[in-house]
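Text of query36.pdb (PDB, C-alpha atoms) as supplied:
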```pdb
ATOM      1  CA  MET G   1      40.686  11.689 -64.109
ATOM      2  CA  SER G   2      37.448  10.308 -62.885
ATOM      3  CA  GLU G   3      38.602   6.861 -63.846
ATOM      4  CA  LYS G   4      41.753   7.318 -61.802
ATOM      5  CA  LYS G   5      39.859   8.551 -58.759
ATOM      6  CA  GLN G   6      37.697   5.488 -58.583
ATOM      7  CA  GLN G   7      40.581   3.153 -58.737
ATOM      8  CA  VAL G   8      41.068   1.226 -55.548
ATOM      9  CA  SER G   9      43.955  -1.158 -55.365
ATOM     10  CA  ARG G  10      43.545  -4.630 -53.928
ATOM     11  CA  ARG G  11      45.748  -3.630 -50.989
ATOM     12  CA  GLN G  12      43.635  -0.551 -50.235
ATOM     13  CA  PHE G  13      40.431  -2.500 -50.561
ATOM     14  CA  LEU G  14      41.661  -5.103 -48.073
ATOM     15  CA  ASN G  15      42.881  -2.381 -45.731
ATOM     16  CA  TYR G  16      39.527  -0.644 -45.719
ATOM     17  CA  THR G  17      37.592  -3.843 -45.240
ATOM     18  CA  LEU G  18      39.792  -5.066 -42.424
ATOM     19  CA  THR G  19      39.733  -1.712 -40.622
ATOM     20  CA  GLY G  20      35.972  -1.593 -40.987
ATOM     21  CA  VAL G  21      35.343  -5.118 -39.795
ATOM     22  CA  GLY G  22      38.020  -4.863 -37.087
ATOM     23  CA  GLY G  23      36.614  -1.585 -35.820
ATOM     24  CA  PHE G  24      33.157  -3.027 -35.717
ATOM     25  CA  MET G  25      34.363  -6.035 -33.756
ATOM     26  CA  ALA G  26      36.336  -3.885 -31.328
ATOM     27  CA  ALA G  27      33.345  -1.662 -30.776
ATOM     28  CA  SER G  28      31.042  -4.586 -30.080
ATOM     29  CA  MET G  29      33.534  -5.906 -27.546
ATOM     30  CA  LEU G  30      34.150  -2.568 -25.859
ATOM     31  CA  ALA G  31      30.574  -1.353 -25.637
ATOM     32  CA  PRO G  32      29.446  -3.868 -22.982
ATOM     33  CA  MET G  33      32.667  -3.264 -21.039
ATOM     34  CA  VAL G  34      31.995   0.452 -20.952
ATOM     35  CA  ARG G  35      28.424  -0.237 -19.925
ATOM     36  CA  PHE G  36      29.585  -2.477 -17.092
ATOM     37  CA  ALA G  37      32.015   0.160 -15.938
ATOM     38  CA  ILE G  38      29.440   2.928 -15.894
ATOM     39  CA  ASP G  39      26.378   1.005 -14.776
ATOM     40  CA  PRO G  40      27.117   0.762 -11.028
ATOM     41  CA  VAL G  41      27.542   4.515 -10.884
ATOM     42  CA  LEU G  42      24.163   5.062 -12.480
ATOM     43  CA  LYS G  43      22.543   2.339 -10.399
ATOM     44  CA  ALA G  44      23.868   3.454  -7.027
ATOM     45  CA  SER G  45      21.029   5.918  -6.672
ATOM     46  CA  THR G  46      18.275   3.297  -6.198
ATOM     47  CA  SER G  47      18.840   2.679  -2.499
ATOM     48  CA  GLY G  48      20.345   6.054  -1.708
ATOM     49  CA  GLU G  49      17.453   7.959  -3.235
ATOM     50  CA  MET G  50      15.463  10.354  -1.124
ATOM     51  CA  GLN G  51      12.151   8.779  -0.140
ATOM     52  CA  PRO G  52       8.970  10.720   0.527
ATOM     53  CA  VAL G  53       8.038  10.041   4.148
ATOM     54  CA  VAL G  54       5.467  12.427   5.533
ATOM     55  CA  ASP G  55       3.669  15.704   5.050
ATOM     56  CA  VAL G  56       5.596  18.446   6.841
ATOM     57  CA  SER G  57       2.377  19.681   8.476
ATOM     58  CA  GLU G  58       2.156  16.429  10.454
ATOM     59  CA  ILE G  59       5.491  16.998  12.170
ATOM     60  CA  THR G  60       5.132  18.265  15.728
ATOM     61  CA  THR G  61       7.549  19.222  18.463
ATOM     62  CA  ASP G  62       7.131  15.731  19.927
ATOM     63  CA  PRO G  63       9.031  12.972  18.158
ATOM     64  CA  GLN G  64       6.734  10.745  16.088
ATOM     65  CA  ARG G  65       7.655   7.563  14.356
ATOM     66  CA  PHE G  66       7.118   7.391  10.598
ATOM     67  CA  GLU G  67       7.670   4.344   8.472
ATOM     68  CA  TRP G  68       8.258   3.897   4.790
ATOM     69  CA  THR G  69       9.052   0.969   2.570
ATOM     70  CA  VAL G  70      11.858   0.685   0.070
ATOM     71  CA  LYS G  71      12.257  -1.977  -2.592
ATOM     72  CA  GLN G  72      15.642  -3.501  -2.059
ATOM     73  CA  VAL G  73      17.038  -5.386  -5.000
ATOM     74  CA  ASP G  74      19.488  -8.047  -4.054
ATOM     75  CA  ALA G  75      21.396 -10.210  -6.503
ATOM     76  CA  TRP G  76      18.899 -13.001  -5.813
ATOM     77  CA  TYR G  77      15.603 -11.495  -4.854
ATOM     78  CA  THR G  78      13.703  -8.292  -4.418
ATOM     79  CA  SER G  79      12.355  -7.512  -1.017
ATOM     80  CA  ASP G  80      10.482  -4.732   0.691
ATOM     81  CA  VAL G  81      12.459  -3.256   3.525
ATOM     82  CA  THR G  82      10.751  -1.084   6.089
ATOM     83  CA  HIS G  83      12.652   1.872   7.428
ATOM     84  CA  SER G  84      11.528   4.176  10.155
ATOM     85  CA  ALA G  85      12.511   7.509  11.629
ATOM     86  CA  TRP G  86      11.710   9.557  14.697
ATOM     87  CA  VAL G  87      10.892  13.030  13.421
ATOM     88  CA  TYR G  88      10.209  16.272  15.290
ATOM     89  CA  LYS G  89      10.720  20.027  15.075
ATOM     90  CA  ASN G  90      13.084  21.633  17.575
ATOM     91  CA  GLU G  91      12.737  25.094  19.187
ATOM     92  CA  LYS G  92      14.284  26.725  16.105
ATOM     93  CA  ASP G  93      11.607  25.064  13.958
ATOM     94  CA  GLU G  94      14.225  22.841  12.341
ATOM     95  CA  ILE G  95      13.227  19.320  11.353
ATOM     96  CA  ILE G  96      15.210  16.625  13.178
ATOM     97  CA  PRO G  97      14.861  13.151  11.579
ATOM     98  CA  LEU G  98      16.579  10.567  13.774
ATOM     99  CA  SER G  99      17.285   6.955  12.956
ATOM    100  CA  PRO G 100      15.634   4.621  15.494
ATOM    101  CA  ILE G 101      18.499   2.124  15.371
ATOM    102  CA  CYS G 102      20.281   1.900  18.710
ATOM    103  CA  LYS G 103      24.027   2.442  18.353
ATOM    104  CA  HIS G 104      24.756  -0.295  20.839
ATOM    105  CA  LEU G 105      23.588  -3.459  19.084
ATOM    106  CA  GLY G 106      20.938  -2.276  16.658
ATOM    107  CA  CYS G 107      17.588  -2.568  18.448
ATOM    108  CA  THR G 108      14.775  -0.131  17.739
ATOM    109  CA  VAL G 109      14.549   2.694  20.253
ATOM    110  CA  ASN G 110      11.305   4.321  21.390
ATOM    111  CA  TRP G 111      10.552   7.869  22.397
ATOM    112  CA  ALA G 112       9.475   7.930  26.041
ATOM    113  CA  GLY G 113       9.796   4.149  26.034
ATOM    114  CA  ASN G 114      10.488   4.146  29.742
ATOM    115  CA  GLU G 115       8.129   5.843  32.181
ATOM    116  CA  SER G 116      10.994   7.105  34.304
ATOM    117  CA  TYR G 117      12.477   8.996  31.346
ATOM    118  CA  PRO G 118       9.534  10.562  29.507
ATOM    119  CA  ASP G 119      11.729  12.961  27.508
ATOM    120  CA  GLN G 120      14.326  10.523  26.261
ATOM    121  CA  PHE G 121      14.647   7.789  23.686
ATOM    122  CA  PHE G 122      14.826   4.393  25.312
ATOM    123  CA  CYS G 123      16.194   1.086  24.056
ATOM    124  CA  PRO G 124      14.269  -1.826  25.609
ATOM    125  CA  CYS G 125      17.104  -4.327  25.173
ATOM    126  CA  HIS G 126      19.819  -3.011  27.448
ATOM    127  CA  ASP G 127      18.323   0.221  28.818
ATOM    128  CA  GLY G 128      20.283   2.470  26.486
ATOM    129  CA  ARG G 129      19.029   6.051  26.522
ATOM    130  CA  TYR G 130      19.325   9.103  24.276
ATOM    131  CA  PHE G 131      18.372  12.733  24.825
ATOM    132  CA  LYS G 132      15.802  14.314  22.529
ATOM    133  CA  ASP G 133      18.504  15.561  20.145
ATOM    134  CA  GLY G 134      19.702  11.964  19.771
ATOM    135  CA  LYS G 135      22.839  12.328  21.916
ATOM    136  CA  ASN G 136      23.492   9.218  23.966
ATOM    137  CA  VAL G 137      23.074   9.523  27.705
ATOM    138  CA  PRO G 138      26.465   8.865  29.345
ATOM    139  CA  ASP G 139      26.784   5.680  31.386
ATOM    140  CA  THR G 140      24.208   3.813  29.313
ATOM    141  CA  PRO G 141      25.402   1.124  26.852
ATOM    142  CA  PRO G 142      25.403   3.172  23.580
ATOM    143  CA  ASN G 143      28.554   5.137  22.861
ATOM    144  CA  ALA G 144      27.380   7.278  19.956
ATOM    145  CA  PRO G 145      24.389   9.508  19.180
ATOM    146  CA  LEU G 146      21.552   8.217  17.004
ATOM    147  CA  ASP G 147      22.198   8.674  13.280
ATOM    148  CA  LEU G 148      20.626  11.682  11.613
ATOM    149  CA  TYR G 149      18.905  11.143   8.272
ATOM    150  CA  GLU G 150      19.806  13.257   5.250
ATOM    151  CA  PHE G 151      16.639  15.148   4.448
ATOM    152  CA  GLU G 152      15.012  17.689   2.190
ATOM    153  CA  VAL G 153      11.596  19.302   2.014
ATOM    154  CA  LYS G 154       9.959  19.459  -1.386
ATOM    155  CA  ASP G 155       6.418  20.762  -1.936
ATOM    156  CA  GLY G 156       5.523  20.359   1.708
ATOM    157  CA  THR G 157       6.708  16.748   1.896
ATOM    158  CA  LEU G 158       9.639  15.510   3.926
ATOM    159  CA  TYR G 159      12.071  13.310   1.983
ATOM    160  CA  LEU G 160      14.610  11.211   3.830
ATOM    161  CA  GLY G 161      17.843   9.763   2.478
ATOM    162  CA  LYS G 162      20.615   7.863   4.185
ATOM    163  CA  PRO G 163      21.216   7.847   7.949
ATOM    164  CA  VAL G 164      24.468   9.629   8.735
ATOM    165  CA  PRO G 165      26.485   8.623  11.812
ATOM    166  CA  ARG G 166      27.616  11.347  14.189
ATOM    167  CA  GLU G 167      30.570  11.702  16.511
ATOM    168  CA  GLY G 168      30.302   9.938  19.857
ATOM    169  CA  VAL G 169      30.355  11.630  23.238
TER     170      VAL G 169
ATOM    171  CA  MET M   1      20.546 -10.992  15.414
ATOM    172  CA  LYS M   2      19.745 -13.281  12.561
ATOM    173  CA  TRP M   3      21.346 -16.480  11.464
ATOM    174  CA  GLN M   4      23.594 -14.795   8.914
ATOM    175  CA  ALA M   5      27.331 -14.271   8.698
ATOM    176  CA  SER M   6      27.439 -10.549   9.467
ATOM    177  CA  ASP M   7      25.137 -10.818  12.502
ATOM    178  CA  LEU M   8      26.948 -13.844  13.848
ATOM    179  CA  SER M   9      30.267 -12.065  13.993
ATOM    180  CA  THR M  10      28.589  -9.291  16.015
ATOM    181  CA  TYR M  11      27.038 -11.987  18.173
ATOM    182  CA  PHE M  12      30.368 -13.516  19.076
ATOM    183  CA  GLN M  13      31.748 -10.091  19.960
ATOM    184  CA  SER M  14      28.821  -9.126  22.174
ATOM    185  CA  LYS M  15      27.669 -12.501  23.402
ATOM    186  CA  GLU M  16      26.946 -11.316  26.928
ATOM    187  CA  TYR M  17      24.229  -8.946  25.676
ATOM    188  CA  ILE M  18      22.311 -11.444  23.556
ATOM    189  CA  ASP M  19      20.590 -13.697  26.027
ATOM    190  CA  THR M  20      17.351 -14.597  24.232
ATOM    191  CA  LEU M  21      16.800 -17.263  21.624
ATOM    192  CA  CYS M  22      13.700 -17.214  19.423
ATOM    193  CA  ILE M  23      12.702 -20.245  17.389
ATOM    194  CA  PRO M  24       9.801 -20.199  14.918
ATOM    195  CA  LEU M  25       8.085 -23.608  14.701
ATOM    196  CA  ILE M  26       6.668 -24.470  11.291
ATOM    197  CA  PRO M  27       4.667 -27.577  10.396
ATOM    198  CA  VAL M  28       4.998 -28.769   6.813
ATOM    199  CA  SER M  29       2.647 -30.994   4.839
ATOM    200  CA  ILE M  30       1.977 -31.501   1.174
ATOM    201  CA  SER M  31      -0.676 -34.201   1.412
ATOM    202  CA  ASN M  32      -3.487 -32.063   0.064
ATOM    203  CA  GLU M  33      -3.790 -28.738  -1.635
ATOM    204  CA  SER M  34      -5.795 -26.731   0.868
ATOM    205  CA  ASP M  35      -3.706 -27.798   3.872
ATOM    206  CA  SER M  36      -0.414 -27.104   2.223
ATOM    207  CA  ILE M  37      -1.565 -23.708   1.000
ATOM    208  CA  ARG M  38      -2.737 -22.869   4.495
ATOM    209  CA  LEU M  39       0.550 -24.000   6.069
ATOM    210  CA  ALA M  40       2.620 -22.116   3.516
ATOM    211  CA  ASN M  41       0.567 -19.031   4.260
ATOM    212  CA  TYR M  42       1.210 -19.442   7.985
ATOM    213  CA  LYS M  43       4.885 -19.892   7.350
ATOM    214  CA  ARG M  44       5.090 -16.619   5.481
ATOM    215  CA  THR M  45       3.183 -14.813   8.210
ATOM    216  CA  LEU M  46       5.384 -16.288  10.916
ATOM    217  CA  ASP M  47       8.491 -15.290   8.946
ATOM    218  CA  ILE M  48       7.243 -11.719   8.786
ATOM    219  CA  LEU M  49       6.343 -11.668  12.479
ATOM    220  CA  SER M  50       9.622 -13.115  13.664
ATOM    221  CA  ASN M  51      11.614 -10.772  11.448
ATOM    222  CA  GLU M  52       9.715  -7.797  12.801
ATOM    223  CA  LEU M  53      10.381  -9.018  16.314
ATOM    224  CA  GLU M  54      14.063  -9.361  15.521
ATOM    225  CA  ARG M  55      14.068  -5.820  14.125
ATOM    226  CA  HIS M  56      12.747  -4.466  17.425
ATOM    227  CA  PHE M  57      15.168  -6.425  19.586
ATOM    228  CA  THR M  58      18.157  -6.957  17.300
ATOM    229  CA  GLY M  59      20.625  -6.477  20.114
ATOM    230  CA  ARG M  60      19.140  -8.970  22.507
ATOM    231  CA  ILE M  61      17.404 -11.655  20.461
ATOM    232  CA  MET M  62      19.000 -14.332  18.360
ATOM    233  CA  LEU M  63      16.453 -15.438  15.775
ATOM    234  CA  SER M  64      17.085 -19.066  15.020
ATOM    235  CA  PRO M  65      16.446 -20.569  11.604
ATOM    236  CA  THR M  66      12.967 -22.037  11.446
ATOM    237  CA  TYR M  67      12.404 -25.384  13.115
ATOM    238  CA  SER M  68      10.369 -27.355  10.585
ATOM    239  CA  TYR M  69       8.604 -30.655  11.106
ATOM    240  CA  GLN M  70       5.965 -32.754   9.408
ATOM    241  CA  ALA M  71       2.485 -31.690  10.349
ATOM    242  CA  LYS M  72       1.499 -35.329  10.900
ATOM    243  CA  SER M  73       4.506 -36.438  12.864
ATOM    244  CA  ASP M  74       4.242 -37.583  16.462
ATOM    245  CA  ILE M  75       4.302 -34.528  18.698
ATOM    246  CA  ASN M  76       6.087 -36.410  21.489
ATOM    247  CA  MET M  77       8.942 -37.228  19.185
ATOM    248  CA  GLU M  78       9.132 -33.656  17.953
ATOM    249  CA  LYS M  79       9.084 -32.403  21.508
ATOM    250  CA  LYS M  80      12.065 -34.566  22.381
ATOM    251  CA  ARG M  81      13.940 -33.506  19.295
ATOM    252  CA  LEU M  82      13.176 -29.855  19.916
ATOM    253  CA  ASN M  83      14.398 -30.028  23.498
ATOM    254  CA  GLU M  84      17.612 -31.649  22.345
ATOM    255  CA  TRP M  85      17.976 -28.971  19.717
ATOM    256  CA  ILE M  86      17.686 -26.221  22.310
ATOM    257  CA  LYS M  87      20.111 -27.927  24.622
ATOM    258  CA  GLU M  88      22.646 -27.928  21.831
ATOM    259  CA  MET M  89      21.882 -24.441  20.609
ATOM    260  CA  SER M  90      21.428 -22.520  23.801
ATOM    261  CA  ASN M  91      24.517 -24.077  25.364
ATOM    262  CA  ASP M  92      24.004 -22.041  28.532
ATOM    263  CA  SER M  93      24.461 -18.758  26.690
ATOM    264  CA  PHE M  94      20.749 -18.042  26.331
ATOM    265  CA  SER M  95      18.830 -17.560  29.535
ATOM    266  CA  HIS M  96      15.523 -17.106  27.685
ATOM    267  CA  VAL M  97      14.182 -19.376  24.977
ATOM    268  CA  PHE M  98      10.964 -18.553  23.127
ATOM    269  CA  PHE M  99       9.081 -20.598  20.542
ATOM    270  CA  ILE M 100       6.707 -18.821  18.215
ATOM    271  CA  THR M 101       4.097 -20.855  16.421
ATOM    272  CA  PHE M 102       0.593 -21.008  14.974
ATOM    273  CA  ASP M 103       0.421 -24.757  15.567
ATOM    274  CA  VAL M 104      -1.985 -25.422  18.407
ATOM    275  CA  LEU M 105      -0.566 -28.906  19.022
ATOM    276  CA  TRP M 106       2.353 -27.398  20.922
ATOM    277  CA  LYS M 107       0.035 -25.627  23.301
ATOM    278  CA  LYS M 108      -0.791 -28.887  25.091
ATOM    279  CA  GLU M 109       2.869 -29.843  25.389
ATOM    280  CA  GLU M 110       3.917 -26.414  26.550
ATOM    281  CA  LYS M 111       4.922 -27.465  30.055
ATOM    282  CA  GLU M 112       7.377 -30.048  28.852
ATOM    283  CA  LEU M 113       9.241 -27.704  26.551
ATOM    284  CA  ASP M 114      12.500 -26.177  27.711
ATOM    285  CA  GLY M 115      11.394 -22.681  26.906
ATOM    286  CA  THR M 116       8.375 -20.411  26.681
ATOM    287  CA  LEU M 117       5.787 -21.112  24.035
ATOM    288  CA  ILE M 118       4.180 -18.157  22.323
ATOM    289  CA  TRP M 119       1.177 -19.509  20.504
ATOM    290  CA  ILE M 120      -0.493 -17.062  18.165
ATOM    291  CA  PRO M 121      -4.014 -17.825  16.947
ATOM    292  CA  ALA M 122      -3.631 -18.234  13.229
ATOM    293  CA  ASN M 123      -4.839 -15.642  10.817
ATOM    294  CA  ARG M 124      -5.070 -16.485   7.152
ATOM    295  CA  ILE M 125      -3.688 -13.515   5.245
ATOM    296  CA  ASP M 126      -4.557 -13.077   1.603
ATOM    297  CA  ASP M 127      -3.193  -9.658   0.867
ATOM    298  CA  TYR M 128       0.158  -9.000   2.505
ATOM    299  CA  GLN M 129       0.337  -5.465   1.130
ATOM    300  CA  SER M 130      -2.937  -4.232   2.588
ATOM    301  CA  ASP M 131      -3.021  -1.702   5.391
ATOM    302  CA  GLU M 132      -5.141  -4.073   7.418
ATOM    303  CA  THR M 133      -2.432  -6.745   7.302
ATOM    304  CA  LYS M 134       0.238  -4.249   8.215
ATOM    305  CA  ARG M 135      -1.815  -3.135  11.185
ATOM    306  CA  TRP M 136      -2.372  -6.717  12.286
ATOM    307  CA  ILE M 137       1.347  -7.502  12.008
ATOM    308  CA  ASN M 138       2.207  -4.365  13.972
ATOM    309  CA  GLN M 139      -0.240  -5.168  16.726
ATOM    310  CA  GLN M 140       0.945  -8.755  17.030
ATOM    311  CA  THR M 141       4.597  -7.696  17.097
ATOM    312  CA  GLU M 142       3.787  -5.087  19.697
ATOM    313  CA  GLN M 143       2.084  -7.625  21.948
ATOM    314  CA  ILE M 144       4.712 -10.333  21.552
ATOM    315  CA  SER M 145       7.406  -7.722  22.275
ATOM    316  CA  GLU M 146       5.634  -6.780  25.448
ATOM    317  CA  LEU M 147       5.379 -10.401  26.497
ATOM    318  CA  ILE M 148       9.063 -11.028  25.871
ATOM    319  CA  ARG M 149      10.058  -7.868  27.699
ATOM    320  CA  SER M 150       8.111  -9.012  30.762
ATOM    321  CA  PHE M 151      10.487 -11.982  30.988
ATOM    322  CA  TRP M 152      13.643  -9.845  30.910
TER     323      TRP M 152
END
```
If you convert what's in this file into structure tokens, what do you get?
Amino acid sequence: MSEKKQQVSRRQFLNYTLTGVGGFMAASMLAPMVRFAIDPVLKASTSGEMQPVVDVSEITTDPQRFEWTVKQVDAWYTSDVTHSAWVYKNEKDEIIPLSPICKHLGCTVNWAGNESYPDQFFCPCHDGRYFKDGKNVPDTPPNAPLDLYEFEVKDGTLYLGKPVPREGV
Amino acid sequence: MKWQASDLSTYFQSKEYIDTLCIPLIPVSISNESDSIRLANYKRTLDILSNELERHFTGRIMLSPTYSYQAKSDINMEKKRLNEWIKEMSNDSFSHVFFITFDVLWKKEEKELDGTLIWIPANRIDDYQSDETKRWINQQTEQISELIRSFW
């Protein structure tokens, strides 16, 4: 009985070996492919991650500009990219983090940047203006409100994510 | 706007809004170690400054690729070449042309240039990550921005 059990025919032996070797080869070919397919999904979080920007206690009802630096990895080189946001608390004590990028042609807007409009955002390039809530002032070059950053507050620190465009007026 | 494909397509769509050309002037020399290190350092600083400037005024400034020349070359020749360059590049679409440089040689030739020279006293920076450097860069950008705005 035991003798019979151990008997492996030449055909079976070859079958086993080939399946084993073949399987191993297939696996070694497929594994990198699977990794390539999944990797971008895992990697996508690097630039979209929430970044710690400022202590919530520093945020006032007047918009203040805060800057932070993100490492941006390109195919060819790594660079530090500075982002900034105008942040304030509105009457309902909600945090409003606005992107400073003008919706007209991408300049950096300033709060109270023009003496004649002390309670508006002002773009020095083509006199674009935005109200405090980021809505564009009609009849100035921009045709959309300033983007609003995704944000969250964790342990008293404000984290900002991606700027999200809003509907135009 | 920068000299890159995506910005240039925006430029050609909104040409009438972008009326200012900025050209960084960079001398190059590799004759001895200390000079070349100094010039390379200035180049990096000028790159940072001009990029910051472009970030402030993306919608109105076209930042040209750096104009490089040999540190020892004849300034009169360079002046002629630079003026020809601007004539070709500005092509009547830029009403303001600014040069940004650390090279004091241009200062004396300023009047004969077809544009406004912004000469910044050089500052050798050793640690680009330090808060002090960041403050210096911010202040310089702020002041150059103000100067450019006074021309608009």
Residues near segment 80-96 of chain M, anyone? I mean within 8 Å using all atoms listed in the file, not counting same-chain ones fewer than 3 positions away, as JSON, numbers by chain. {"M": [15, 16, 18, 19, 20, 21, 76, 77, 113, 114, 115, 116, 151]}
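One finds atom CA of Gln51 of chain G at 12.6 Å from atom CA of Val81 of chain G.
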Chain M residues within 7 Å of chain G, counting only C-alpha atoms: which ones, as a PDB file with C-alpha atoms, in the coordinates of the input?
```pdb
ATOM      1  CA  ARG M  55      14.068  -5.820  14.125  1.00  0.00           C
ATOM      2  CA  HIS M  56      12.747  -4.466  17.425  1.00  0.00           C
ATOM      3  CA  PHE M  57      15.168  -6.425  19.586  1.00  0.00           C
ATOM      4  CA  THR M  58      18.157  -6.957  17.300  1.00  0.00           C
ATOM      5  CA  GLY M  59      20.625  -6.477  20.114  1.00  0.00           C
ATOM      6  CA  ARG M  60      19.140  -8.970  22.507  1.00  0.00           C
TER       7      ARG M  60
END
```
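For the structure shown here, the set of residues caught by the PyMOL selection byres ((chain G and resi 88) around 7) is Ile59, Thr60, Thr61, Asp62, Pro63, Gln64, Trp86, Val87, Lys89, Asn90, Ile95, Ile96 and Pro97 of chain G.
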Could you list, as number ranges by chain, every residue matched by the PyMOL selection byres ((chain M and resi 146) around 12) in this structure? G: 113, 124-125; M: 53, 56-57, 118, 139-145, 147-152
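Picture a line from atom CA of Gly156 of chain G to atom CA of Asp55 of chain G; it runs 6.0 Å.
Closest approach to Lys132 of chain G among G:Leu30, G:Val153, G:Leu146, G:Val164 is made by G:Leu146 (distances from all atoms listed in the file).
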Evaluate the PyMOL selection byres ((chain M and resi 45) around 12) and record the selected residues as number ranges by chain, following the chain and residue labels used in the document. M: 24-26, 38-44, 46-52, 100-102, 120-128, 133-134, 136-138, 140-141
